[in-house]
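Engineer: Sending over a structure as structure tokens; questions will come in a sec.
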Amino acid sequence: MFFFRSLIWIVLFGICFDKSVYAQPIPSACPAGVNVELTQRILSFERLSPLWFDSTMQAIQFRTTLVHCIDSLYRLGLIAQPYHSQVSSVLQGQGTIKPYCVVAPSCFIEAIVATSFDLYRGADRYTKLGFDAVSPRYRLRDDSLIEAGIRAIDGETNLRRWLFSLESKSKEYSQLRRFYVEKQGIGSVSARSLATKDTLQRLETSLHLYRWLFHFGIDRFLMVNISGALLRYYQDGVSAISMRAIVGKSATPTPSFTSYCQRLILYPYWYVPASIAIGEYLSKIKKNPGWLDQRNMQVVDGQGRVVDHHRLPWRSFHAGYFPYTIRQSTGCDNALGVLKFDKETPYGV
């Protein structure tokens with residue numbers, strides 16, 4: 001049996017906090033209404049900088065800078081939406097032309113909260129997986145970090161520094177970001193001519209996924225890139241091992257998920273998923289039950305007992321009725337190999 005000092009995290013693409021009593025919520029004036037609860041907590045902070053709600057020229061310039069920063073980040077593709085457009089919508093509804101002077105502070109707080117989350121852990125629409133056992137454990141920590149960071153902003157310098165600090169500093173992410181900017185053709189006509197919409201979309205998705213991946217700060221994990229059929233092992237944020245991986249076909253794709261690895265099992269059994277046993281194996285076994293013997297496979301009943309598959313009425317089994325499980329015995333010919341990463345997923349991977 002092998003033991004790790006920390007959990008290994010498997011990713012396939014395809015903390016305690018002070019619960020103080022907050023003030024009464026301030027109604028949001030923004031139409032989107034995103035991150036409302038966190039926005040209210042920040043607004044109720046008694047030492048929040050007046051730059052968020054004053055009508056002085058300094059405050060107006062500060063909020064104008066925020067809008068420009070968000071607009072720039074959106075044009076670069078680093079955030080999912082132009083969250084500053086919420087402010088514009090409110091201004092139009094109020095019929096004002098003086099920039100960012102009479103808008104409720106909740107609009108600006110909501111905009112920077114949404115922007116901060118996108119920069120820190122990627123936009124939800126890019127990082128949504130089929131199964132995610134990791135993110136829920138970090139949600140409170142993420143909220144607390146974003147809240148504390150925004151509360152501390154008291155000027156344009158702090159604002160820019162805060163936004164810059166949120167992106168991953170890993171080597172892989174930095175290289176990917178630089179390549180993405182080059183593909184957008186900023187300052188280069190030749191680079192722009194090489195860029196395609198599909199390429200930019202793939203790069204944008206990868207940026208958000210890498211940002212999400214590295215923001216957890218887990219000391220060691222495995223990542224399988226399904227599209228590239230590549231597995232990498234990271235230790236302390238650095239890729240230590242890289243190898244090719246076998247992934248599913250387009251007709252039977254490998255699912256995307258993230259989970260903790262609780263243990264490693266030497267010489268494991270492979271319990272064939274029902275979808276494979278019925279969809280791929282059953283027709284072959286009906287023709288020749290000895291097909292199972294050739295692949296060192298057994299049939300197990302509901303009590304976990306091995307049954308004689310040569311005596312089973314195979315012709316009576318079908319997609320709606322097969323009360324057994326097929327498993328492959330341990331050994332070098334086992335589909336799982338000689339080492340199994342035991343992790344919780346709903347996919348039988």
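For the structure tokens, the naming scheme is as follows: chains receive sequential letters (A, B, ...) according to their order of presentation, residues are indexed from 1 within each chain, and ligands are indexed from 1 in presentation order.
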If we count only C-alpha atoms, what is near Gln298 (chain A) at a cut-off of 7 Å, once residues fewer than 3 positions away on the same chain are taken out, given as a PyMOL selection string?
Structural biologist: chain A and resi 292+306+326-328
Engineer: The selected residues should be written to file as a PDB file, in the first residue's frame (atoms: C-alpha atoms).
Structural biologist:
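Output file again.pdb follows:
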```pdb
ATOM      1  CA  LEU A 292     -14.796 -14.287 -21.238  1.00  0.00           C
ATOM      2  CA  VAL A 306     -18.346 -15.614  -8.877  1.00  0.00           C
ATOM      3  CA  ILE A 326     -18.541  -8.664 -15.369  1.00  0.00           C
ATOM      4  CA  ARG A 327     -15.093  -8.192 -13.919  1.00  0.00           C
ATOM      5  CA  GLN A 328     -11.590  -8.809 -15.205  1.00  0.00           C
TER       6      GLN A 328
END
```
Engineer: Residues near Ile278 (chain A), anyone? I mean within 7 Å using only C-alpha atoms, not counting same-chain ones fewer than 4 positions away, as a PyMOL selection string.
Structural biologist: chain A and resi 274+282+319
Engineer: Skip His310 (chain A) itself and residues of its chain fewer than 5 positions away, then list as a list in words all residues within 10 Å of it, counting only C-alpha atoms.
Structural biologist: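 So the residues in contact are Ile285, Asn288, Pro289, Gly290, Leu292, Asp293 and Val299 of chain A.
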Engineer: I'd like the neighbourhood of Phe117 (chain A) as a list in words, where a residue qualifies if any of its atoms comes within 9 Å (using only C-alpha atoms), though same-chain residues fewer than 4 positions away should be ignored.
Structural biologist: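 Residues meeting the cut-off are Ile79, Ile112, Val113, Arg121, Gly122, Ala123, Asp142, Asp143, Ile146 and Leu166 of chain A.
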Engineer: Need to verify the contact set: Pro253 (chain A), 12 Å, only C-alpha atoms, exclusion of same-chain residues closer than 2 positions in sequence. Can you return it as a VMD selection string?
Structural biologist: chain A and resid 12 to 14 226 to 227 229 246 to 251 255 to 256 347 349
